[in-house]
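protein.txt (compact mmCIF, C-alpha atoms)
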```
# COMPACT_ATOMS: atom_id res chain seq x y z
CA MET A 1 57.43 -61.62 12.36
CA GLU A 2 60.52 -60.12 13.94
CA THR A 3 60.60 -56.64 15.51
CA ILE A 4 63.69 -54.45 15.81
CA GLN A 5 63.13 -51.88 18.57
CA PHE A 6 65.19 -48.71 18.30
CA ASN A 7 66.03 -46.89 21.54
CA ILE A 8 66.07 -43.11 22.05
CA ARG A 9 69.60 -42.61 20.76
CA GLN A 10 69.05 -44.75 17.68
CA THR A 11 65.70 -43.09 16.93
CA ILE A 12 67.26 -39.62 17.05
CA ILE A 13 70.15 -40.71 14.81
CA VAL A 14 67.78 -42.14 12.19
CA ALA A 15 65.56 -39.03 12.38
CA ILE A 16 68.57 -36.75 11.76
CA LEU A 17 69.60 -38.89 8.79
CA VAL A 18 66.04 -38.65 7.45
CA LEU A 19 66.22 -34.85 7.70
CA TYR A 20 69.55 -34.86 5.87
CA ILE A 21 67.98 -36.98 3.13
CA GLY A 22 65.01 -34.61 2.94
CA LYS A 23 67.31 -31.58 2.63
CA TYR A 24 69.30 -33.34 -0.10
CA LEU A 25 66.13 -34.22 -2.01
CA THR A 26 64.85 -30.66 -1.71
CA LYS A 27 68.15 -29.35 -3.03
CA LYS A 28 68.25 -31.75 -5.99
CA ILE A 29 64.57 -32.01 -6.95
CA LYS A 30 63.17 -28.78 -8.37
CA PHE A 31 59.54 -29.64 -7.53
CA LEU A 32 60.22 -30.04 -3.81
CA GLN A 33 62.14 -26.78 -3.72
CA SER A 34 59.71 -24.77 -5.82
CA PHE A 35 56.63 -25.83 -3.88
CA ASN A 36 58.18 -25.59 -0.39
CA ILE A 37 57.71 -29.22 0.61
CA PRO A 38 59.12 -29.59 4.17
CA ASP A 39 62.36 -31.57 4.36
CA ALA A 40 60.89 -33.84 7.02
CA VAL A 41 58.01 -34.78 4.73
CA SER A 42 60.09 -35.72 1.69
CA GLY A 43 62.71 -37.54 3.76
CA GLY A 44 60.16 -39.14 6.07
CA VAL A 45 57.99 -40.54 3.28
CA LEU A 46 61.04 -42.03 1.57
CA ALA A 47 62.17 -43.58 4.86
CA SER A 48 58.72 -45.09 5.50
CA LEU A 49 58.84 -46.67 2.04
CA PHE A 50 62.28 -48.10 2.82
CA PHE A 51 61.14 -49.60 6.14
CA GLY A 52 58.04 -50.90 4.38
CA LEU A 53 60.30 -52.77 1.93
CA ILE A 54 62.24 -54.25 4.84
CA TYR A 55 58.97 -55.52 6.29
CA GLY A 56 57.81 -56.91 2.93
CA ILE A 57 61.07 -58.66 2.08
CA PHE A 58 62.36 -59.80 5.46
CA ARG A 59 59.11 -59.78 7.48
CA THR A 60 60.86 -57.53 9.98
CA GLU A 61 59.25 -54.50 11.59
CA VAL A 62 61.42 -51.56 12.67
CA ALA A 63 59.88 -49.81 15.69
CA PHE A 64 61.00 -46.42 16.98
CA ASN A 65 60.90 -44.63 20.35
CA PHE A 66 57.72 -42.56 20.48
CA PRO A 67 58.21 -40.86 23.88
CA ILE A 68 61.19 -38.94 22.49
CA ARG A 69 59.07 -37.95 19.49
CA ASP A 70 56.43 -36.55 21.85
CA ALA A 71 59.14 -34.71 23.80
CA PHE A 72 60.20 -32.90 20.63
CA LEU A 73 56.56 -31.93 20.08
CA ILE A 74 56.35 -30.41 23.56
CA ILE A 75 59.61 -28.47 23.07
CA PHE A 76 58.34 -27.18 19.76
CA PHE A 77 55.01 -25.89 21.10
CA THR A 78 56.78 -24.38 24.10
CA CYS A 79 58.91 -22.38 21.67
CA ILE A 80 55.76 -21.27 19.85
CA GLY A 81 54.33 -19.99 23.14
CA LEU A 82 57.55 -18.18 24.02
CA SER A 83 57.44 -16.44 20.62
CA SER A 84 53.86 -15.21 21.10
CA LYS A 85 53.82 -11.55 22.07
CA LEU A 86 50.58 -10.13 23.50
CA LYS A 87 50.48 -7.47 20.79
CA VAL A 88 50.36 -10.10 18.08
CA LEU A 89 47.89 -12.19 20.09
CA LEU A 90 45.49 -9.25 20.31
CA GLN A 91 45.87 -8.63 16.60
CA GLY A 92 45.01 -12.28 16.06
CA GLY A 93 41.64 -12.03 17.86
CA LYS A 94 39.42 -11.41 14.84
CA PRO A 95 41.41 -13.63 12.43
CA LEU A 96 41.32 -16.38 15.06
CA LEU A 97 37.52 -16.25 15.21
CA ILE A 98 37.26 -16.18 11.42
CA LEU A 99 39.59 -19.15 10.97
CA LEU A 100 37.80 -21.06 13.73
CA ALA A 101 34.41 -20.49 12.07
CA THR A 102 35.70 -21.58 8.66
CA ALA A 103 37.45 -24.61 10.17
CA VAL A 104 34.31 -25.77 12.01
CA SER A 105 32.27 -25.30 8.83
CA PHE A 106 34.73 -27.46 6.91
CA LEU A 107 34.38 -30.26 9.48
CA VAL A 108 30.76 -30.57 8.33
CA ILE A 109 31.77 -30.39 4.66
CA GLN A 110 34.47 -33.00 5.18
CA ASN A 111 31.97 -35.44 6.65
CA PHE A 112 29.40 -34.79 3.92
CA VAL A 113 32.09 -35.49 1.32
CA GLY A 114 33.08 -38.72 3.10
CA VAL A 115 29.52 -39.96 3.54
CA GLY A 116 28.58 -38.97 -0.01
CA MET A 117 31.56 -40.77 -1.53
CA ALA A 118 30.91 -43.85 0.60
CA SER A 119 27.33 -43.93 -0.68
CA LEU A 120 28.43 -43.56 -4.32
CA LEU A 121 30.99 -46.35 -3.94
CA GLY A 122 28.53 -48.71 -2.28
CA GLN A 123 30.11 -48.62 1.16
CA ALA A 124 28.45 -48.36 4.56
CA LEU A 125 27.84 -44.68 5.33
CA PRO A 126 29.83 -44.74 8.61
CA VAL A 127 32.90 -45.56 6.51
CA GLY A 128 32.54 -42.05 5.10
CA LEU A 129 32.76 -40.59 8.59
CA LEU A 130 35.93 -42.56 9.26
CA SER A 131 37.42 -41.01 6.12
CA GLY A 132 36.13 -37.56 7.07
CA SER A 133 36.84 -35.27 9.98
CA ILE A 134 37.56 -38.17 12.35
CA SER A 135 40.82 -39.18 10.68
CA LEU A 136 41.70 -36.07 8.65
CA SER A 137 41.03 -33.02 10.81
CA GLY A 138 41.23 -35.22 13.90
CA GLY A 139 44.43 -37.09 13.06
CA HIS A 140 45.66 -40.39 14.48
CA GLY A 141 44.60 -39.65 18.05
CA THR A 142 40.97 -38.97 17.15
CA ALA A 143 40.97 -41.90 14.71
CA ILE A 144 42.12 -44.33 17.39
CA ALA A 145 39.69 -42.92 19.96
CA TRP A 146 36.57 -43.18 17.75
CA SER A 147 37.29 -46.48 15.96
CA PRO A 148 35.80 -48.71 18.72
CA VAL A 149 32.48 -46.86 18.41
CA PHE A 150 32.20 -47.84 14.75
CA TYR A 151 33.24 -51.41 15.50
CA ASP A 152 30.81 -51.86 18.39
CA ASN A 153 27.81 -49.85 17.19
CA HIS A 154 28.00 -50.03 13.41
CA GLY A 155 29.62 -53.41 12.77
CA ILE A 156 32.61 -52.09 10.82
CA ARG A 157 35.20 -54.67 11.79
CA ASN A 158 38.13 -52.94 10.12
CA ALA A 159 37.17 -49.50 11.47
CA SER A 160 40.54 -49.01 13.14
CA GLU A 161 42.49 -49.91 9.99
CA ILE A 162 40.37 -47.59 7.82
CA ALA A 163 40.68 -44.65 10.21
CA ILE A 164 44.43 -45.06 10.72
CA ALA A 165 44.96 -45.49 6.97
CA CYS A 166 43.09 -42.25 6.24
CA ALA A 167 44.97 -40.40 8.98
CA THR A 168 48.27 -41.73 7.64
CA PHE A 169 47.67 -40.70 4.05
CA GLY A 170 46.21 -37.42 5.27
CA LEU A 171 49.42 -36.68 7.14
CA VAL A 172 51.42 -37.18 3.95
CA PHE A 173 49.00 -35.22 1.74
CA GLY A 174 48.84 -32.42 4.30
CA GLY A 175 52.60 -32.02 4.17
CA ILE A 176 52.62 -31.93 0.38
CA VAL A 177 49.75 -29.57 -0.40
CA GLY A 178 50.48 -26.56 1.83
CA GLY A 179 53.54 -25.23 -0.01
CA PRO A 180 51.99 -25.30 -3.51
CA ILE A 181 48.82 -23.57 -2.27
CA ALA A 182 50.81 -20.76 -0.65
CA LYS A 183 53.06 -20.31 -3.68
CA PHE A 184 50.04 -20.15 -5.99
CA LEU A 185 48.35 -17.50 -3.86
CA ILE A 186 51.51 -15.45 -3.28
CA ILE A 187 52.54 -15.32 -6.95
CA ARG A 188 49.04 -14.91 -8.36
CA ASN A 189 48.21 -12.02 -6.03
CA LYS A 190 51.76 -10.57 -5.92
CA LEU A 191 51.85 -10.72 -2.14
CA GLU A 192 54.70 -9.67 0.12
CA PRO A 193 55.21 -9.91 3.90
CA ASP A 194 54.91 -6.85 6.14
CA CYS A 195 58.08 -4.81 5.66
CA ASP A 196 58.44 -4.20 9.42
CA THR A 197 58.45 -7.91 10.25
CA LYS A 198 61.84 -9.52 9.64
CA ASP A 199 62.33 -12.25 12.23
CA LEU A 200 60.68 -15.61 11.64
CA THR A 201 58.62 -17.30 14.33
CA ILE A 202 60.25 -20.62 13.51
CA GLY A 203 63.49 -21.22 11.67
CA ILE A 204 65.77 -18.83 9.83
CA ARG A 205 65.30 -17.48 6.31
CA ARG A 206 67.18 -19.38 3.63
CA ASP A 207 68.83 -16.19 2.36
CA GLN A 208 69.76 -14.87 5.82
CA ASP A 209 73.51 -14.58 6.43
CA ASN A 210 75.61 -14.02 9.56
CA VAL A 211 73.00 -15.30 12.02
CA GLN A 212 74.17 -14.54 15.58
CA ILE A 213 73.82 -17.51 17.93
CA ASP A 214 76.20 -17.36 20.88
CA TYR A 215 76.83 -19.53 23.93
CA ASN A 216 75.01 -17.35 26.48
CA THR A 217 71.92 -16.83 24.34
CA MET A 218 71.59 -20.55 23.69
CA LEU A 219 72.09 -21.34 27.39
CA HIS A 220 69.42 -18.81 28.44
CA THR A 221 67.05 -20.21 25.83
CA ILE A 222 67.43 -23.79 27.03
CA LEU A 223 66.91 -22.66 30.64
CA VAL A 224 63.72 -20.77 29.79
CA ILE A 225 62.35 -23.68 27.74
CA GLY A 226 62.95 -26.06 30.63
CA VAL A 227 61.24 -23.77 33.16
CA THR A 228 58.32 -23.18 30.80
CA ILE A 229 57.76 -26.89 30.22
CA GLY A 230 57.70 -27.39 33.99
CA LEU A 231 55.04 -24.69 34.34
CA GLY A 232 53.14 -26.26 31.46
CA TYR A 233 52.94 -29.60 33.27
CA GLU A 234 51.74 -27.83 36.41
CA ILE A 235 49.00 -26.15 34.39
CA ASN A 236 48.11 -29.51 32.90
CA ASP A 237 47.76 -31.09 36.35
CA LEU A 238 45.64 -28.16 37.58
CA VAL A 239 43.33 -28.38 34.58
CA ALA A 240 43.00 -32.15 35.08
CA LYS A 241 41.90 -31.60 38.70
CA LEU A 242 39.16 -29.31 37.39
CA GLY A 243 37.86 -32.17 35.28
CA LEU A 244 39.22 -30.97 31.93
CA MET A 245 41.70 -32.74 29.69
CA LEU A 246 44.30 -30.85 27.69
CA PRO A 247 47.17 -32.35 25.68
CA ALA A 248 50.46 -31.60 27.42
CA PHE A 249 51.75 -29.60 24.45
CA VAL A 250 48.76 -27.24 24.66
CA SER A 251 49.50 -26.55 28.35
CA CYS A 252 53.14 -25.84 27.50
CA LEU A 253 52.03 -23.52 24.69
CA LEU A 254 49.87 -21.59 27.16
CA ALA A 255 52.70 -21.50 29.72
CA GLY A 256 55.00 -20.00 27.09
CA ILE A 257 52.45 -17.32 26.22
CA VAL A 258 52.04 -16.39 29.89
CA LEU A 259 55.75 -16.21 30.66
CA THR A 260 56.84 -14.35 27.54
CA ASN A 261 54.27 -11.61 28.23
CA THR A 262 55.07 -11.18 31.93
CA ILE A 263 58.69 -12.02 32.83
CA PRO A 264 60.35 -9.52 30.42
CA LEU A 265 58.20 -6.75 31.92
CA ALA A 266 59.04 -7.68 35.53
CA PHE A 267 62.73 -8.49 34.95
CA LYS A 268 63.85 -6.21 32.16
CA LYS A 269 67.53 -7.05 32.49
CA PHE A 270 67.00 -10.80 32.08
CA PRO A 271 67.92 -11.82 28.51
CA TRP A 272 64.57 -13.25 27.39
CA PRO A 273 64.91 -15.52 24.33
CA ALA A 274 61.80 -14.41 22.43
CA GLU A 275 62.57 -13.35 18.84
CA THR A 276 66.13 -14.67 19.06
CA PRO A 277 67.72 -16.95 16.45
CA SER A 278 68.46 -19.46 19.24
CA LEU A 279 64.77 -19.97 20.04
CA ALA A 280 63.85 -20.07 16.34
CA LEU A 281 66.54 -22.68 15.67
CA ILE A 282 65.53 -24.94 18.58
CA SER A 283 61.88 -24.81 17.53
CA ASP A 284 62.79 -25.58 13.91
CA VAL A 285 64.96 -28.58 14.85
CA SER A 286 62.34 -29.92 17.28
CA LEU A 287 59.60 -29.71 14.67
CA GLY A 288 61.77 -31.37 12.04
CA LEU A 289 62.71 -34.27 14.32
CA PHE A 290 59.09 -34.75 15.45
CA LEU A 291 57.81 -34.94 11.88
CA ALA A 292 60.70 -37.11 10.73
CA ILE A 293 60.03 -39.68 13.46
CA SER A 294 56.27 -39.56 12.80
CA LEU A 295 56.59 -40.11 9.06
CA MET A 296 59.46 -42.61 9.04
CA SER A 297 57.51 -44.80 11.50
CA LEU A 298 54.39 -45.05 9.30
CA GLN A 299 53.52 -48.73 8.91
CA LEU A 300 52.51 -48.60 5.27
CA TRP A 301 52.04 -52.36 5.06
CA THR A 302 48.98 -52.09 7.30
CA LEU A 303 47.25 -50.18 4.48
CA ALA A 304 47.60 -52.88 1.82
CA ASP A 305 44.21 -54.49 2.48
CA ILE A 306 42.18 -51.27 2.61
CA GLY A 307 41.66 -51.12 -1.16
CA GLY A 308 41.07 -48.43 -3.72
CA VAL A 309 37.82 -47.22 -2.19
CA ILE A 310 39.58 -45.29 0.55
CA ALA A 311 42.05 -43.88 -1.98
CA LEU A 312 39.17 -42.47 -4.06
CA ILE A 313 37.51 -40.91 -1.02
CA LEU A 314 40.79 -39.33 0.08
CA LEU A 315 41.41 -37.96 -3.42
CA VAL A 316 38.08 -36.13 -3.31
CA GLN A 317 38.83 -34.93 0.25
CA PHE A 318 42.18 -33.64 -0.99
CA MET A 319 40.52 -31.69 -3.82
CA ALA A 320 37.89 -30.30 -1.43
CA THR A 321 40.61 -29.06 0.92
CA VAL A 322 42.50 -27.29 -1.87
CA LEU A 323 39.36 -25.61 -3.21
CA TYR A 324 38.15 -24.58 0.25
CA SER A 325 41.54 -23.15 1.23
CA ILE A 326 41.83 -21.05 -1.92
CA ALA A 327 38.20 -20.03 -2.43
CA VAL A 328 37.02 -19.61 1.17
CA VAL A 329 39.83 -19.39 3.73
CA PHE A 330 42.08 -17.03 1.73
CA PRO A 331 39.40 -14.37 1.04
CA LEU A 332 37.97 -14.51 4.56
CA MET A 333 41.41 -14.15 6.12
CA GLY A 334 42.07 -10.94 4.19
CA ARG A 335 43.67 -11.91 0.84
CA ASP A 336 47.09 -10.75 2.06
CA TYR A 337 50.43 -12.50 2.57
CA ASN A 338 49.50 -13.64 6.07
CA ALA A 339 46.30 -15.18 4.66
CA ALA A 340 48.33 -17.14 2.11
CA VAL A 341 50.57 -18.52 4.86
CA VAL A 342 47.49 -19.38 6.94
CA CYS A 343 46.12 -21.32 3.95
CA SER A 344 49.31 -23.37 3.73
CA GLY A 345 48.93 -24.25 7.39
CA TYR A 346 45.17 -24.76 7.27
CA SER A 347 45.39 -27.25 4.40
CA GLY A 348 47.99 -29.22 6.36
CA LEU A 349 45.80 -29.06 9.45
CA THR A 350 42.60 -30.33 7.81
CA LEU A 351 44.38 -33.23 6.12
CA GLY A 352 47.09 -34.03 8.63
CA ALA A 353 47.89 -32.52 12.01
CA THR A 354 48.93 -29.25 13.67
CA PRO A 355 52.69 -29.97 13.41
CA THR A 356 52.23 -30.64 9.69
CA ALA A 357 50.44 -27.31 9.35
CA ILE A 358 53.27 -25.46 11.07
CA ALA A 359 55.90 -27.29 9.01
CA ASN A 360 54.12 -26.04 5.90
CA MET A 361 54.07 -22.46 7.18
CA THR A 362 57.71 -22.69 8.25
CA ALA A 363 58.81 -23.84 4.79
CA VAL A 364 56.85 -21.00 3.17
CA THR A 365 58.07 -18.25 5.51
CA GLU A 366 61.70 -19.37 5.27
CA LYS A 367 61.47 -18.66 1.55
CA PHE A 368 59.12 -15.66 1.33
CA GLY A 369 59.27 -13.95 4.73
CA ALA A 370 57.72 -13.83 8.20
CA ALA A 371 54.00 -14.10 9.02
CA PRO A 372 53.82 -14.04 12.86
CA GLN A 373 50.03 -13.84 13.07
CA ALA A 374 49.67 -17.10 11.16
CA PHE A 375 51.77 -18.87 13.78
CA ILE A 376 49.30 -17.72 16.45
CA VAL A 377 45.91 -18.44 14.92
CA VAL A 378 46.66 -21.77 13.21
CA PRO A 379 48.18 -23.53 16.27
CA LEU A 380 45.41 -22.27 18.57
CA VAL A 381 42.70 -23.47 16.19
CA GLY A 382 44.43 -26.75 15.42
CA ALA A 383 45.77 -27.66 18.85
CA PHE A 384 42.77 -26.75 20.97
CA PHE A 385 39.49 -25.49 19.48
CA ILE A 386 39.17 -27.83 16.53
CA ASP A 387 39.24 -31.03 18.61
CA ILE A 388 36.39 -29.79 20.79
CA ALA A 389 34.28 -28.79 17.78
CA ASN A 390 35.13 -32.00 15.94
CA ALA A 391 33.83 -34.19 18.77
CA PHE A 392 30.49 -32.37 18.64
CA VAL A 393 30.26 -32.59 14.83
CA ILE A 394 31.12 -36.30 14.80
CA GLN A 395 28.48 -37.08 17.39
CA GLN A 396 25.81 -35.18 15.44
CA PHE A 397 26.61 -37.13 12.27
CA LEU A 398 26.49 -40.42 14.17
CA ASN A 399 23.08 -39.48 15.57
CA PHE A 400 21.91 -38.63 12.04
CA LEU A 401 23.15 -41.94 10.60
CA GLY A 402 21.58 -43.83 13.49
```
For this file, produce the structure as structure tokens.
Amino acid sequence: METIQFNIRQTIIVAILVLYIGKYLTKKIKFLQSFNIPDAVSGGVLASLFFGLIYGIFRTEVAFNFPIRDAFLIIFFTCIGLSSKLKVLLQGGKPLLILLATAVSFLVIQNFVGVGMASLLGQALPVGLLSGSISLSGGHGTAIAWSPVFYDNHGIRNASEIAIACATFGLVFGGIVGGPIAKFLIIRNKLEPDCDTKDLTIGIRRDQDNVQIDYNTMLHTILVIGVTIGLGYEINDLVAKLGLMLPAFVSCLLAGIVLTNTIPLAFKKFPWPAETPSLALISDVSLGLFLAISLMSLQLWTLADIGGVIALILLVQFMATVLYSIAVVFPLMGRDYNAAVVCSGYSGLTLGATPTAIANMTAVTEKFGAAPQAFIVVPLVGAFFIDIANAFVIQQFLNFLG
């Protein structure tokens, strides 16, 4: 097998082309437009199919540069932090606790669904855990981390392939389901965003004209992002010395929250970029490029030998997520417009990953209007709390299964 390794420049070029393709598909295909499917998802899935065909026909694997993908993720979460005003954070206290409680509860449900389906289909019960919260709510990172445990302790030789396959399909499903759920809830309940909230946390509304982005504002924004990322890495090093491990993007998110709620108060004349179109645009582009690279690099050929069993389990997990989002998360979060946007993100989070969740919310808010509280509670639950809770839940299920 031959491997073609793309460098940073080539990876970015392909990712931009993938986003262009996604935007074209969204413009031409009514379904994608009506149900707010993110451009990166539609373009990225098509690109992964194309590269899968190249592998199948020519036995050639196209590999992309992942460090640049991770850099876009860090820039994106830094922008989220810089957009997080203390007033909104305080308002998000109770909703954050509610969403966290519902998310932790669904981790248990997700694993019961996986184990139950594995039992019905005649599979080893630990296979159900691999197709539960480990790969879906946990994503690729958690899937890779836990796979050796199932291989060593439970004799599942293809544990890594099963977990990665579930995480891969979950990422795609998570990007598809969020928009339709939000649209259903918004139209059915005749919901509208708060009239006093006009600026989006990420991106710019599709119907917004004459957006003002000038040279100085963009320069200030890039400067602040760079300084914030530096502080984020310092926080990360400090936390590591205390014996705790945080993903770098979480530290940068926290650094952004700290700076955006202190610097403007101390230096009132400094043009802080929070709530500016420049910051919203940079965050939108960074998220799009991260997702495009993630999806276009999916190695679909590695899933060929998994079989229909995993597909059936994931189908039931998909249905459980939709039902839980509509019947549980939406009412508990208040049945308002913000709750509908949270549901679009939550469904992406429980099937895919935090960036997928935010891409869903971005697509919805660009069409219907801003929901700033959703962009606080969902990233905090998805990027920090849920991983800690998931590790505990997984261990308890493993103890139960013996």
For this session: Fewer than 3 positions away in the same chain doesn't count, so skip those; otherwise give me all residues within 10 Å of A:Ile164, counting all atoms listed in the file, as a PyMOL selection string.
Result: chain A and resi 130-131+134-136+139-144+147+159-161+167-170+299+302-303
For this session: Write out as a ChimeraX atom specification each polymer residue whose atoms come within 12 Å of stretch 118-120 of chain A, counting all atoms listed in the file; drop sequence neighbours fewer than 2 positions from it.
Result: /A:111-116,122-132,308-314,316-317
Dump of C-alpha atoms for the selected residues, as a PDB file, in the frame of the given file:
```pdb
ATOM      1  CA  ASN A 111      31.970 -35.440   6.650  1.00  0.00           C
ATOM      2  CA  PHE A 112      29.400 -34.790   3.920  1.00  0.00           C
ATOM      3  CA  VAL A 113      32.090 -35.490   1.320  1.00  0.00           C
ATOM      4  CA  GLY A 114      33.080 -38.720   3.100  1.00  0.00           C
ATOM      5  CA  VAL A 115      29.520 -39.960   3.540  1.00  0.00           C
ATOM      6  CA  GLY A 116      28.580 -38.970  -0.010  1.00  0.00           C
ATOM      7  CA  GLY A 122      28.530 -48.710  -2.280  1.00  0.00           C
ATOM      8  CA  GLN A 123      30.110 -48.620   1.160  1.00  0.00           C
ATOM      9  CA  ALA A 124      28.450 -48.360   4.560  1.00  0.00           C
ATOM     10  CA  LEU A 125      27.840 -44.680   5.330  1.00  0.00           C
ATOM     11  CA  PRO A 126      29.830 -44.740   8.610  1.00  0.00           C
ATOM     12  CA  VAL A 127      32.900 -45.560   6.510  1.00  0.00           C
ATOM     13  CA  GLY A 128      32.540 -42.050   5.100  1.00  0.00           C
ATOM     14  CA  LEU A 129      32.760 -40.590   8.590  1.00  0.00           C
ATOM     15  CA  LEU A 130      35.930 -42.560   9.260  1.00  0.00           C
ATOM     16  CA  SER A 131      37.420 -41.010   6.120  1.00  0.00           C
ATOM     17  CA  GLY A 132      36.130 -37.560   7.070  1.00  0.00           C
ATOM     18  CA  GLY A 308      41.070 -48.430  -3.720  1.00  0.00           C
ATOM     19  CA  VAL A 309      37.820 -47.220  -2.190  1.00  0.00           C
ATOM     20  CA  ILE A 310      39.580 -45.290   0.550  1.00  0.00           C
ATOM     21  CA  ALA A 311      42.050 -43.880  -1.980  1.00  0.00           C
ATOM     22  CA  LEU A 312      39.170 -42.470  -4.060  1.00  0.00           C
ATOM     23  CA  ILE A 313      37.510 -40.910  -1.020  1.00  0.00           C
ATOM     24  CA  LEU A 314      40.790 -39.330   0.080  1.00  0.00           C
ATOM     25  CA  VAL A 316      38.080 -36.130  -3.310  1.00  0.00           C
ATOM     26  CA  GLN A 317      38.830 -34.930   0.250  1.00  0.00           C
TER      27      GLN A 317
END
```
For this session: Measure the distance from atom CA of A:Pro379 to atom CA of A:Thr354 in Å and round it to one decimal.
Result: 6.3 Å
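Atom CA of A:Ser42 to atom CA of A:Ser344 spans 16.5 Å [interatomic distance, one decimal].
The nearest approach to A:Cys343 among the residues A:Pro273, A:Gly44, A:Pro38, A:Pro180, with only C-alpha atoms taken into account, belongs to A:Pro180.
The interatomic distance for the pair atom CA of A:Val341 and atom CA of A:Ile68 works out to 29.0 Å.
Among the candidates A:Glu192, A:Arg59, A:Thr276, A:Gly382, the residue lying nearest to A:Asn216 is A:Thr276 (atoms considered: only C-alpha atoms).
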